[in-house]
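Asks: Coordinates in structure22.tsv, TSV, C-alpha atoms and all ligand atoms, are listed below.
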chain	number	residue	atom	x	y	z
A	4	MET	CA	125.58	153.80	208.27
A	5	ALA	CA	124.87	155.50	204.98
A	6	VAL	CA	121.24	156.36	204.49
A	7	LEU	CA	120.04	156.31	200.93
A	8	THR	CA	118.96	159.74	199.75
A	9	GLU	CA	117.94	161.24	196.47
A	10	ASN	CA	121.40	162.76	196.23
A	11	GLN	CA	123.16	159.42	196.48
A	12	PRO	CA	125.31	158.85	193.37
A	13	ALA	CA	123.91	156.38	190.90
A	14	SER	CA	126.90	154.12	191.29
A	15	VAL	CA	128.55	153.56	194.63
A	16	ARG	CA	131.89	151.98	195.33
A	17	VAL	CA	131.50	149.02	197.64
A	18	PRO	CA	134.96	147.94	198.75
A	19	GLU	CA	135.97	144.29	198.95
A	20	ILE	CA	136.15	143.43	202.60
A	21	GLU	CA	136.50	140.05	204.23
A	22	LYS	CA	134.00	140.54	206.99
A	23	GLY	CA	131.58	143.29	207.79
A	24	VAL	CA	130.49	143.97	211.32
A	25	GLY	CA	127.08	145.17	210.25
A	26	CYS	CA	125.43	148.20	211.73
A	27	ASP	CA	122.50	148.42	213.99
A	28	PHE	CA	120.04	145.77	212.83
A	29	GLU	CA	117.87	146.67	215.83
A	30	SER	CA	116.90	149.97	214.22
A	31	TYR	CA	115.27	148.02	211.37
A	32	LEU	CA	113.12	145.88	213.62
A	33	LEU	CA	110.39	148.40	214.26
A	34	VAL	CA	110.08	149.58	210.67
A	35	PRO	CA	106.93	148.19	209.01
A	36	ASP	CA	107.50	145.85	206.06
A	37	THR	CA	105.74	148.05	203.50
A	38	SER	CA	107.80	151.16	204.25
A	39	LEU	CA	110.93	149.15	203.52
A	40	ASP	CA	109.95	148.39	199.94
A	41	ALA	CA	111.24	151.70	198.58
A	42	ARG	CA	114.51	151.40	200.54
A	43	ILE	CA	115.15	147.83	199.37
A	44	ALA	CA	114.41	148.81	195.77
A	45	ALA	CA	116.71	151.85	196.05
A	46	ALA	CA	119.59	149.81	197.49
A	47	ARG	CA	119.09	147.17	194.81
A	48	ASP	CA	119.24	149.85	192.11
A	49	LEU	CA	122.33	151.47	193.60
A	50	LEU	CA	124.20	148.19	193.69
A	51	GLY	CA	123.13	147.43	190.13
A	52	GLU	CA	125.03	144.62	188.43
A	53	ARG	CA	127.24	144.15	191.49
A	54	LEU	CA	124.29	142.45	193.23
A	55	VAL	CA	122.22	139.37	192.64
A	56	ILE	CA	119.38	138.48	195.01
A	57	LEU	CA	118.27	134.84	195.07
A	58	GLY	CA	114.82	133.83	196.32
A	59	HIS	CA	113.97	130.22	197.08
A	60	HIS	CA	110.49	128.96	196.10
A	61	TYR	CA	109.59	128.68	199.80
A	62	GLN	CA	110.50	132.27	200.60
A	63	ARG	CA	107.78	134.72	201.67
A	64	ASP	CA	106.31	137.05	198.99
A	65	GLU	CA	107.44	140.28	200.70
A	66	VAL	CA	111.04	139.15	200.20
A	67	VAL	CA	110.92	137.04	197.05
A	68	LYS	CA	109.48	139.91	195.01
A	69	PHE	CA	112.94	141.54	195.11
A	70	ALA	CA	114.77	138.44	193.86
A	71	HIS	CA	116.55	138.55	190.51
A	72	PHE	CA	116.15	134.77	190.32
A	73	GLN	CA	113.62	132.45	191.92
A	74	GLY	CA	113.99	128.69	192.06
A	75	ASP	CA	115.39	125.72	193.96
A	76	SER	CA	118.72	125.84	195.75
A	77	LEU	CA	120.94	124.23	193.09
A	78	LYS	CA	119.50	126.21	190.19
A	79	LEU	CA	119.84	129.46	192.12
A	80	SER	CA	123.45	128.77	193.09
A	81	GLN	CA	124.30	127.96	189.48
A	82	GLN	CA	122.59	131.12	188.22
A	83	ALA	CA	124.46	133.27	190.76
A	84	ALA	CA	127.80	131.71	189.82
A	85	GLN	CA	127.17	132.61	186.18
A	86	ALA	CA	126.22	136.20	187.00
A	87	LYS	CA	128.66	139.12	186.93
A	88	ALA	CA	127.64	140.14	190.45
A	89	ASP	CA	130.12	140.58	193.28
A	90	PHE	CA	127.48	140.06	195.96
A	91	ILE	CA	125.09	137.12	196.14
A	92	VAL	CA	122.33	137.73	198.68
A	93	PHE	CA	120.63	134.38	199.26
A	94	CYS	CA	117.10	134.61	200.64
A	95	GLY	CA	116.99	130.97	201.63
A	96	VAL	CA	118.55	128.91	204.42
A	97	HIS	CA	122.10	128.29	205.57
A	98	PHE	CA	122.97	125.21	203.49
A	99	MET	CA	121.75	127.02	200.36
A	100	ALA	CA	124.08	129.95	200.99
A	101	GLU	CA	126.90	127.45	201.55
A	102	SER	CA	126.05	125.80	198.22
A	103	ALA	CA	126.24	129.18	196.50
A	104	ASP	CA	129.63	129.73	198.16
A	105	ILE	CA	130.85	126.33	196.94
A	106	LEU	CA	129.95	127.21	193.35
A	107	ARG	CA	130.75	130.95	193.34
A	108	GLN	CA	133.46	132.65	191.29
A	109	PRO	CA	136.58	133.81	193.20
A	110	HIS	CA	135.48	137.46	193.34
A	111	GLN	CA	131.99	136.75	194.64
A	112	GLN	CA	130.77	136.95	198.22
A	113	VAL	CA	127.66	135.21	199.56
A	114	ILE	CA	125.41	136.80	202.15
A	115	LEU	CA	122.62	135.19	204.18
A	116	PRO	CA	120.41	138.02	205.47
A	117	ASP	CA	119.68	136.18	208.74
A	118	LEU	CA	122.25	133.72	210.06
A	119	ASN	CA	119.51	132.04	212.10
A	120	ALA	CA	117.83	130.84	208.92
A	121	GLY	CA	118.86	127.20	209.21
A	122	CYS	CA	117.18	124.07	207.87
A	123	SER	CA	115.67	121.56	210.31
A	124	LEU	CA	116.58	118.72	207.96
A	125	ALA	CA	120.19	119.72	207.31
A	126	ASP	CA	120.67	120.30	211.04
A	127	MET	CA	119.74	116.68	211.79
A	128	ALA	CA	123.07	115.46	210.47
A	129	ASP	CA	125.99	116.90	212.34
A	130	ILE	CA	129.38	116.29	210.71
A	131	THR	CA	130.86	114.66	213.83
A	132	GLN	CA	127.92	112.23	213.96
A	133	VAL	CA	128.33	111.42	210.27
A	134	GLU	CA	132.09	110.89	210.64
A	135	ASP	CA	131.39	108.56	213.56
A	136	CYS	CA	128.81	106.64	211.49
A	137	TRP	CA	131.24	106.31	208.58
A	138	GLU	CA	134.00	105.00	210.88
A	139	GLN	CA	131.63	102.43	212.35
A	140	LEU	CA	130.53	101.25	208.90
A	141	GLU	CA	134.15	100.93	207.82
A	142	ALA	CA	134.98	99.04	211.00
A	143	VAL	CA	132.29	96.45	210.20
A	144	GLY	CA	134.27	95.68	207.05
A	145	GLY	CA	133.13	94.36	203.69
A	146	LEU	CA	130.01	96.53	203.45
A	147	ASN	CA	131.18	98.39	200.35
A	148	VAL	CA	129.13	101.51	201.06
A	149	ILE	CA	128.84	104.54	198.73
A	150	PRO	CA	127.80	107.73	200.56
A	151	VAL	CA	125.18	109.93	198.93
A	152	THR	CA	123.97	113.17	200.44
A	153	TYR	CA	120.98	115.27	199.57
A	154	MET	CA	121.62	118.87	198.55
A	155	ASN	CA	119.96	119.81	201.86
A	156	SER	CA	123.03	119.09	203.99
A	157	SER	CA	125.96	121.06	205.32
A	158	ALA	CA	129.05	121.77	203.23
A	159	ALA	CA	131.05	119.61	205.66
A	160	ILE	CA	128.88	116.58	204.87
A	161	LYS	CA	129.03	117.25	201.15
A	162	ALA	CA	132.84	117.30	201.51
A	163	LEU	CA	132.88	114.02	203.44
A	164	VAL	CA	130.86	112.43	200.65
A	165	GLY	CA	133.25	113.87	198.05
A	166	ARG	CA	136.29	112.47	199.90
A	167	HIS	CA	134.73	109.00	200.11
A	168	ASP	CA	133.88	108.61	196.40
A	169	GLY	CA	130.23	109.55	196.81
A	170	ALA	CA	127.96	112.14	195.26
A	171	ILE	CA	125.30	114.70	196.02
A	172	CYS	CA	121.72	114.38	194.76
A	173	THR	CA	118.67	116.60	194.47
A	174	SER	CA	115.07	115.56	194.87
A	175	SER	CA	114.71	115.38	191.09
A	176	ASN	CA	117.82	113.33	190.23
A	177	ALA	CA	118.01	111.03	193.28
A	178	ALA	CA	117.09	107.86	191.33
A	179	GLY	CA	119.85	108.46	188.77
A	180	ILE	CA	122.42	109.05	191.50
A	181	PHE	CA	121.28	105.89	193.31
A	182	ARG	CA	121.74	103.87	190.09
A	183	TRP	CA	125.24	105.36	189.72
A	184	ALA	CA	126.07	104.47	193.32
A	185	PHE	CA	124.76	100.90	193.04
A	186	ALA	CA	126.99	100.40	190.00
A	187	ARG	CA	129.98	101.16	192.28
A	188	GLY	CA	129.06	99.65	195.60
A	189	GLU	CA	126.75	97.18	197.26
A	190	ARG	CA	124.90	99.63	199.43
A	191	ILE	CA	124.25	103.35	199.90
A	192	LEU	CA	124.50	105.46	203.03
A	193	PHE	CA	121.91	108.16	202.36
A	194	LEU	CA	122.04	111.48	204.22
A	195	PRO	CA	120.22	113.24	205.83
A	196	ASP	CA	116.56	112.66	204.80
A	197	GLU	CA	115.28	109.16	205.48
A	198	HIS	CA	112.04	109.81	203.55
A	199	LEU	CA	113.67	110.91	200.30
A	200	GLY	CA	116.06	107.94	200.54
A	201	ARG	CA	113.27	105.46	201.24
A	202	ASN	CA	110.93	106.84	198.56
A	203	THR	CA	113.69	106.82	195.95
A	204	ALA	CA	114.91	103.31	196.72
A	205	TYR	CA	111.40	101.85	196.97
A	206	ARG	CA	110.44	103.26	193.59
A	207	MET	CA	113.57	101.62	192.16
A	208	GLY	CA	112.25	98.26	193.36
A	209	ILE	CA	114.19	97.88	196.60
A	210	PRO	CA	111.89	96.40	199.25
A	211	LEU	CA	111.50	98.18	202.59
A	212	GLU	CA	113.07	95.18	204.34
A	213	GLN	CA	116.34	95.95	202.58
A	214	MET	CA	116.56	99.42	204.15
A	215	VAL	CA	117.73	100.21	207.66
A	216	VAL	CA	117.56	103.48	209.55
A	217	TRP	CA	120.74	104.77	211.20
A	218	ASP	CA	119.94	106.63	214.42
A	219	PRO	CA	123.05	108.66	215.35
A	220	TYR	CA	122.02	108.70	219.00
A	221	LYS	CA	122.09	104.90	219.34
A	222	GLU	CA	124.90	102.40	219.41
A	223	LEU	CA	125.66	101.09	215.91
A	224	GLY	CA	122.90	103.41	214.71
A	225	GLY	CA	120.29	101.38	216.59
A	226	THR	CA	120.63	98.53	214.11
A	227	THR	CA	122.54	95.23	214.02
A	228	LEU	CA	125.40	93.80	212.00
A	229	ASP	CA	123.03	91.33	210.36
A	230	LYS	CA	120.62	94.06	209.34
A	231	LEU	CA	123.45	96.20	207.96
A	232	ARG	CA	124.76	93.28	205.93
A	233	GLY	CA	121.25	92.61	204.58
A	234	ALA	CA	120.58	96.25	203.70
A	235	ARG	CA	120.93	97.90	200.29
A	236	VAL	CA	120.25	101.36	201.72
A	237	ILE	CA	121.25	102.79	205.10
A	238	LEU	CA	118.97	105.75	205.79
A	239	TRP	CA	120.13	108.52	208.09
A	240	LYS	CA	117.41	109.27	210.66
A	241	GLY	CA	116.49	112.79	209.58
A	242	TYR	CA	113.47	114.53	208.18
A	243	CYS	CA	112.14	117.90	207.08
A	244	SER	CA	109.80	119.30	209.73
A	245	VAL	CA	107.59	120.81	207.01
A	246	HIS	CA	107.15	117.76	204.78
A	247	GLN	CA	106.86	115.23	207.59
A	248	ARG	CA	103.67	116.98	208.71
A	249	PHE	CA	101.71	115.57	205.77
A	250	LEU	CA	99.88	112.39	206.76
A	251	PRO	CA	97.96	109.62	204.95
A	252	GLU	CA	94.69	110.92	206.47
A	253	HIS	CA	95.25	114.25	204.71
A	254	VAL	CA	95.26	112.41	201.37
A	255	GLU	CA	92.06	110.54	202.24
A	256	ARG	CA	90.30	113.68	203.45
A	257	VAL	CA	91.17	115.83	200.44
A	258	ARG	CA	89.98	113.09	198.06
A	259	GLN	CA	86.63	112.97	199.90
A	260	GLN	CA	86.27	116.75	199.89
A	261	HIS	CA	87.35	117.24	196.26
A	262	PRO	CA	86.52	114.15	194.17
A	263	GLY	CA	88.86	113.94	191.20
A	264	ILE	CA	91.58	116.10	192.77
A	265	ARG	CA	95.16	115.07	192.04
A	266	VAL	CA	97.53	114.75	194.97
A	267	LEU	CA	101.07	115.90	194.20
A	268	VAL	CA	103.69	115.68	196.95
A	269	HIS	CA	107.36	116.37	197.48
A	270	PRO	CA	109.52	113.23	197.98
A	271	GLU	CA	110.58	114.53	201.41
A	272	CYS	CA	107.09	113.43	202.56
A	273	ARG	CA	106.64	110.14	204.41
A	274	TRP	CA	106.53	106.93	202.35
A	275	GLU	CA	102.91	106.32	203.43
A	276	VAL	CA	101.91	109.68	201.95
A	277	VAL	CA	103.95	109.32	198.77
A	278	GLU	CA	102.44	105.90	198.08
A	279	ARG	CA	98.90	107.33	198.37
A	280	ALA	CA	99.66	110.34	196.16
A	281	ASP	CA	99.08	110.48	192.40
A	282	ASP	CA	102.49	111.93	191.74
A	283	ILE	CA	105.68	113.21	193.32
A	284	GLY	CA	107.81	116.18	192.33
A	285	SER	CA	110.64	118.43	193.43
A	286	THR	CA	109.79	122.11	193.96
A	287	GLU	CA	110.56	122.79	190.29
A	288	GLY	CA	108.73	119.61	189.27
A	289	ILE	CA	105.62	120.60	191.22
A	290	ARG	CA	105.64	124.08	189.72
A	291	LYS	CA	106.00	122.76	186.16
A	292	LYS	CA	103.29	120.09	186.58
A	293	VAL	CA	100.72	122.55	187.89
A	294	GLU	CA	101.55	125.14	185.23
A	295	ALA	CA	101.34	122.57	182.42
A	296	SER	CA	97.97	121.19	183.55
A	297	PRO	CA	94.79	122.25	181.72
A	298	ALA	CA	92.38	124.86	183.06
A	299	GLY	CA	89.99	123.37	185.59
A	300	SER	CA	92.60	120.98	187.02
A	301	GLN	CA	92.50	120.41	190.77
A	302	TRP	CA	95.67	119.94	192.80
A	303	ALA	CA	96.33	119.17	196.46
A	304	ILE	CA	100.00	119.88	197.02
A	305	GLY	CA	102.19	118.43	199.75
A	306	THR	CA	104.92	121.01	200.14
A	307	GLU	CA	105.71	124.34	201.80
A	308	ILE	CA	102.78	126.75	201.91
A	309	HIS	CA	104.42	129.76	200.25
A	310	LEU	CA	105.00	127.80	197.06
A	311	VAL	CA	101.44	126.41	197.18
A	312	ASN	CA	99.90	129.86	197.68
A	313	ARG	CA	102.03	131.34	194.90
A	314	LEU	CA	100.99	128.56	192.50
A	315	ALA	CA	97.35	129.18	193.42
A	316	LYS	CA	97.74	132.89	192.61
A	317	GLN	CA	99.61	132.25	189.36
A	318	ASN	CA	97.07	129.65	188.19
A	319	PRO	CA	93.68	131.23	188.88
A	320	ASP	CA	91.99	128.91	186.37
A	321	LYS	CA	92.89	125.86	188.53
A	322	LEU	CA	92.19	124.79	192.08
A	323	VAL	CA	95.51	124.63	193.95
A	324	ILE	CA	95.32	123.91	197.68
A	325	SER	CA	97.59	122.59	200.39
A	326	LEU	CA	97.25	118.91	201.22
A	327	ASP	CA	97.19	119.90	204.89
A	328	PRO	CA	94.66	122.63	205.72
A	329	ASN	CA	96.86	123.72	208.62
A	330	VAL	CA	99.64	125.99	207.39
A	331	CYS	CA	102.90	124.15	206.66
A	332	VAL	CA	105.44	126.92	206.71
A	333	CYS	CA	109.22	126.59	206.66
A	334	THR	CA	109.72	128.58	209.85
A	335	THR	CA	113.47	128.88	209.42
A	336	MET	CA	113.28	130.31	205.92
A	337	PHE	CA	110.50	132.59	207.19
A	338	ARG	CA	113.08	134.20	209.46
A	339	ILE	CA	114.32	136.22	206.50
A	340	THR	CA	112.22	139.34	206.63
A	341	PRO	CA	112.18	142.52	204.53
A	342	GLN	CA	114.03	144.09	207.49
A	343	HIS	CA	116.89	141.58	207.15
A	344	LEU	CA	117.06	142.05	203.40
A	345	CYS	CA	117.05	145.85	203.70
A	346	TRP	CA	119.71	145.74	206.42
A	347	ALA	CA	121.99	143.50	204.32
A	348	LEU	CA	121.58	145.63	201.19
A	349	GLU	CA	122.00	149.01	202.87
A	350	ASN	CA	125.16	147.71	204.53
A	351	LEU	CA	126.50	146.77	201.11
A	352	VAL	CA	125.72	150.26	199.87
A	353	ALA	CA	127.60	151.59	202.90
A	354	GLY	CA	130.57	149.38	202.05
A	355	GLN	CA	130.05	146.67	204.64
A	356	VAL	CA	129.46	142.99	204.00
A	357	VAL	CA	127.31	141.54	206.78
A	358	ASN	CA	126.53	137.88	207.39
A	359	LEU	CA	129.16	136.64	204.98
A	360	ILE	CA	128.99	132.88	204.38
A	361	ARG	CA	132.43	131.40	203.77
A	362	VAL	CA	133.11	127.69	203.46
A	363	ASP	CA	136.78	126.92	204.17
A	364	GLU	CA	138.84	126.04	201.08
A	365	GLU	CA	139.43	122.37	201.91
A	366	THR	CA	135.74	121.73	202.58
A	367	ARG	CA	134.81	123.70	199.51
A	368	ARG	CA	137.18	121.69	197.30
A	369	TRP	CA	135.77	118.31	198.34
A	370	ALA	CA	132.17	119.49	198.33
A	371	ARG	CA	132.72	120.66	194.75
A	372	VAL	CA	134.05	117.20	193.87
A	373	ALA	CA	130.80	115.64	195.12
A	374	LEU	CA	128.72	118.24	193.33
A	375	GLU	CA	130.60	117.91	190.05
A	376	ARG	CA	130.20	114.14	190.23
A	377	MET	CA	126.48	114.66	190.45
A	378	LEU	CA	126.44	117.05	187.51
A	379	ALA	CA	128.53	114.63	185.41
A	380	ILE	CA	126.08	111.79	186.12
A	381	GLN	CA	123.03	113.70	184.85
B	401	LIG	S1	111.26	123.09	203.82
B	401	LIG	FE1	112.33	121.57	205.09
B	401	LIG	S2	114.12	120.91	203.88
B	401	LIG	FE2	113.34	122.83	202.96
B	401	LIG	S3	114.56	124.43	203.94
B	401	LIG	FE3	112.67	124.24	205.16
B	401	LIG	S4	113.20	122.76	206.78
B	401	LIG	FE4	114.81	122.61	205.22
In structure tokens, how does this file's structure come out?
Replies:
Amino acid sequence: MAVLTENQPASVRVPEIEKGVGCDFESYLLVPDTSLDARIAAARDLLGERLVILGHHYQRDEVVKFAHFQGDSLKLSQQAAQAKADFIVFCGVHFMAESADILRQPHQQVILPDLNAGCSLADMADITQVEDCWEQLEAVGGLNVIPVTYMNSSAAIKALVGRHDGAICTSSNAAGIFRWAFARGERILFLPDEHLGRNTAYRMGIPLEQMVVWDPYKELGGTTLDKLRGARVILWKGYCSVHQRFLPEHVERVRQQHPGIRVLVHPECRWEVVERADDIGSTEGIRKKVEASPAGSQWAIGTEIHLVNRLAKQNPDKLVISLDPNVCVCTTMFRITPQHLCWALENLVAGQVVNLIRVDEETRRWARVALERMLAIQ
């Protein structure tokens, strides 16, 4: 393992290798976060334009401060694909790194500093379960279903959607993608977040009675043929463990404690919460709304705590608090520590690619089809 020293040449040659073994992550574990700052900055400088670090809005401050770009998963993947960099280090979760790999240029390699950084929501839809669901829906016959998957899903599911004439959506364009899908089919299979699907459809005027939940652990998804035939939207039974924590009583309590406060929540929250809120917004939408509001505004935000705390710091003339006083942290994204980032970068300096994320070509091709459909619809 090369250790960065003052004598290290300003530019280092990092060879193209398919898979790095990585060296000795354990030795990084006992190093305090703060003493890693100088090493991370040095590795970042040495790699120069060959490197781009992406930091999701929900990422911890100690890591996100090193990011070249900060944003939501689609925007970050697009920015990385437009960069000259050979190495894309994604400080996010697994499906985000896959998305960056789907969009990357041929010479680029995507790295996830900790492979255990998954997403509880994306993990609730396993490709074999989704294939089984799709076969069952086809076997019913005459349902004319268009599959739509949220960005927060595996590359395999994005590819399945691409193969079956469907599209991907984000939390900010879901309504437009639903309209596109309804123009092509009679009903939508929405994966993997039931709350985003329900909130989107309801706001388009589809009554709750015309939505069914598909539970992959039950026969025929735990529903009936009659209910499927009467449904406009089939909602996969999945949820984000962070956003599902927000409850209607949190809205009532914050309104009592802060009269006049505006409640702004992410559409991954439960329908009962969204309906009580003043507004909904994607991560980017939330950020823009708070920033554009006048001094003195009060906001109770229903999303991951790192974004809420950052908005509070960046908007000291406003009150910005979490809708839930108990910390709502994305524990999987939190797995990416300064130690992981330093380890990944110093390995690159040493010529080794660790934790490479590679989506196989066939999956990548079809996932791109679904993604490009989405981009064409906007
Ligand atoms: S906040 Fe929820 S949806 Fe977003 S990455 Fe974390 S677990 Fe996944």
Asks: So which residues touch Glu138 of chain A within 12 Å, counting only C-alpha atoms, skipping near sequence neighbours fewer than 5 positions away, as a list of chain:residue names?
Replies: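 Here the qualifying residues turn out to be A:Thr131, A:Gln132, A:Val133, A:Val143, A:Gly144, A:Leu146, A:Val148, A:Leu163, A:His167, A:Leu223, A:Gly224.
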Asks: Can you list, as a PyMOL selection string, every protein, DNA or RNA residue that comes within 9 Å of Phe72 of chain A when you count only C-alpha atoms, leaving out same-chain residues fewer than 6 positions away?
Replies: chain A and resi 55-59+79+82-83
Asks: Quick one: residues within 7 Å of ligand LIG 401 (chain B), with all atoms listed in the file, as a PDB file with C-alpha atoms, keeping the file's coordinate frame?
Replies:
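File written: pocket-v9.pdb
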ATOM      1  CA  VAL A  96     118.550 128.910 204.420  1.00  0.00           C
ATOM      2  CA  CYS A 122     117.180 124.070 207.870  1.00  0.00           C
ATOM      3  CA  SER A 123     115.670 121.560 210.310  1.00  0.00           C
ATOM      4  CA  LEU A 124     116.580 118.720 207.960  1.00  0.00           C
ATOM      5  CA  ALA A 125     120.190 119.720 207.310  1.00  0.00           C
ATOM      6  CA  ASN A 155     119.960 119.810 201.860  1.00  0.00           C
ATOM      7  CA  CYS A 243     112.140 117.900 207.080  1.00  0.00           C
ATOM      8  CA  SER A 244     109.800 119.300 209.730  1.00  0.00           C
ATOM      9  CA  VAL A 245     107.590 120.810 207.010  1.00  0.00           C
ATOM     10  CA  HIS A 246     107.150 117.760 204.780  1.00  0.00           C
ATOM     11  CA  GLU A 307     105.710 124.340 201.800  1.00  0.00           C
ATOM     12  CA  CYS A 333     109.220 126.590 206.660  1.00  0.00           C
ATOM     13  CA  THR A 335     113.470 128.880 209.420  1.00  0.00           C
ATOM     14  CA  MET A 336     113.280 130.310 205.920  1.00  0.00           C
TER      15      MET A 336
END
Asks: Which one of A:Val34, A:Ala84, A:Ala184, A:Ala178 sits closest to Val164 of chain A if you count only C-alpha atoms?
Replies: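 Looking at the shortest contact to Val164 of chain A, the residue is A:Ala184.
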Asks: If you measure from atom CA of His71 of chain A to atom CA of Phe337 of chain A, what distance in Å do you get, rounded to one decimal?
Replies: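 So the two atoms, atom CA of His71 of chain A and atom CA of Phe337 of chain A, lie 18.7 Å apart.
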Asks: How many Å separate atom CA of Asp64 of chain A from atom CA of Asp282 of chain A?
Replies: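 Those two atoms sit 26.4 Å apart.
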Asks: Rounded to one decimal, what separation in Å do you get between atom CA of Val113 of chain A and atom CA of Tyr153 of chain A?
Replies: 21.0 Å
Asks: At a cut-off of 12 Å, using all atoms listed in the file, what residues contact Ser156 of chain A? Leave out same-chain residues fewer than 3 positions from it and give the result as an NGL selection string.
Replies: :A and (76 or 96-102 or 121-130 or 133 or 151-153 or 159-164 or 171-173 or 193-196 or 239 or 241-243 or 370)
Asks: Excluding same-chain residues fewer than 2 positions from Arg107 of chain A, what lies within 8 Å of it counting all atoms listed in the file, as a JSON list (two decimals) with C-alpha atoms, keeping the file's coordinate frame?
Replies:
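The resulting selection-v3.json:
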[["chain", "number", "residue", "atom", "x", "y", "z"],
["A", 80, "SER", "CA", 123.45, 128.77, 193.09],
["A", 83, "ALA", "CA", 124.46, 133.27, 190.76],
["A", 84, "ALA", "CA", 127.80, 131.71, 189.82],
["A", 103, "ALA", "CA", 126.24, 129.18, 196.50],
["A", 104, "ASP", "CA", 129.63, 129.73, 198.16],
["A", 105, "ILE", "CA", 130.85, 126.33, 196.94],
["A", 109, "PRO", "CA", 136.58, 133.81, 193.20],
["A", 111, "GLN", "CA", 131.99, 136.75, 194.64],
["A", 112, "GLN", "CA", 130.77, 136.95, 198.22]]
Asks: Could you tell me which of A:Val66, A:Asn318, A:Gly354, A:Arg371 comes closest to Asp36 of chain A if we count only C-alpha atoms?
Replies: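 Checking each of A:Val66, A:Asn318, A:Gly354, A:Arg371 against Asp36 of chain A, counting only C-alpha atoms, the winner is A:Val66.
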Asks: Within 8 Å of segment 232-238 of chain A, counting only C-alpha atoms, which residues show up once you throw out same-chain ones fewer than 6 positions away? Write them as a list in words, please.
Replies: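 Surrounding residues, per the criterion: Leu146, Glu189, Arg190, Ile191, Leu192, Phe193, Leu194, Pro195, Asp196, Glu197, Gly200, Arg201, Ala204, Ile209, Glu212, Gln213, Met214, Val215, Val216 and Trp217 of chain A.
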Asks: Let me make sure I understand: among A:Lys78, A:Arg361, A:Gln342, A:Asp229, which one has the smallest atom-to-atom distance to Met154 of chain A if we use only C-alpha atoms?
Replies: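 When distances to Met154 of chain A are compared using only C-alpha atoms, the smallest one comes from A:Lys78.
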Asks: Using only C-alpha atoms, pick whichever of A:Asn312, A:Thr286, A:Asn350, A:Gln317 has the shortest atom-to-atom distance to Glu271 of chain A.
Replies: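 Closest candidate: A:Thr286.
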Asks: Would you fill out segment 165-177 of chain A with N, CA and C atoms and return it as an mmCIF file, in the frame of the given file?
Replies:
data_model
loop_
_atom_site.group_PDB
_atom_site.id
_atom_site.type_symbol
_atom_site.label_atom_id
_atom_site.label_comp_id
_atom_site.auth_asym_id
_atom_site.auth_seq_id
_atom_site.Cartn_x
_atom_site.Cartn_y
_atom_site.Cartn_z
ATOM 1 N N GLY A 165 132.289 113.710 199.160
ATOM 2 C CA GLY A 165 133.250 113.870 198.050
ATOM 3 C C GLY A 165 134.531 113.097 198.316
ATOM 4 N N ARG A 166 135.029 113.159 199.551
ATOM 5 C CA ARG A 166 136.290 112.470 199.900
ATOM 6 C C ARG A 166 136.144 110.954 199.825
ATOM 7 N N HIS A 167 134.929 110.454 200.064
ATOM 8 C CA HIS A 167 134.730 109.000 200.110
ATOM 9 C C HIS A 167 134.024 108.481 198.849
ATOM 10 N N ASP A 168 134.331 109.100 197.712
ATOM 11 C CA ASP A 168 133.880 108.610 196.400
ATOM 12 C C ASP A 168 132.372 108.603 196.219
ATOM 13 N N GLY A 169 131.684 109.475 196.957
ATOM 14 C CA GLY A 169 130.230 109.550 196.810
ATOM 15 C C GLY A 169 129.808 110.763 196.019
ATOM 16 N N ALA A 170 128.513 111.022 196.040
ATOM 17 C CA ALA A 170 127.960 112.140 195.260
ATOM 18 C C ALA A 170 126.802 112.788 196.005
ATOM 19 N N ILE A 171 126.458 113.973 195.516
ATOM 20 C CA ILE A 171 125.300 114.700 196.020
ATOM 21 C C ILE A 171 124.121 114.345 195.124
ATOM 22 N N CYS A 172 122.892 114.500 195.645
ATOM 23 C CA CYS A 172 121.720 114.380 194.760
ATOM 24 C C CYS A 172 120.720 115.469 195.111
ATOM 25 N N THR A 173 119.796 115.708 194.211
ATOM 26 C CA THR A 173 118.670 116.600 194.470
ATOM 27 C C THR A 173 117.419 115.740 194.519
ATOM 28 N N SER A 174 116.291 116.369 194.814
ATOM 29 C CA SER A 174 115.070 115.560 194.870
ATOM 30 C C SER A 174 114.629 115.149 193.467
ATOM 31 N N SER A 175 115.137 115.802 192.429
ATOM 32 C CA SER A 175 114.710 115.380 191.090
ATOM 33 C C SER A 175 115.663 114.377 190.438
ATOM 34 N N ASN A 176 116.906 114.281 190.898
ATOM 35 C CA ASN A 176 117.820 113.330 190.230
ATOM 36 C C ASN A 176 118.233 112.171 191.142
ATOM 37 N N ALA A 177 117.567 112.020 192.292
ATOM 38 C CA ALA A 177 118.010 111.030 193.280
ATOM 39 C C ALA A 177 118.082 109.602 192.692
#
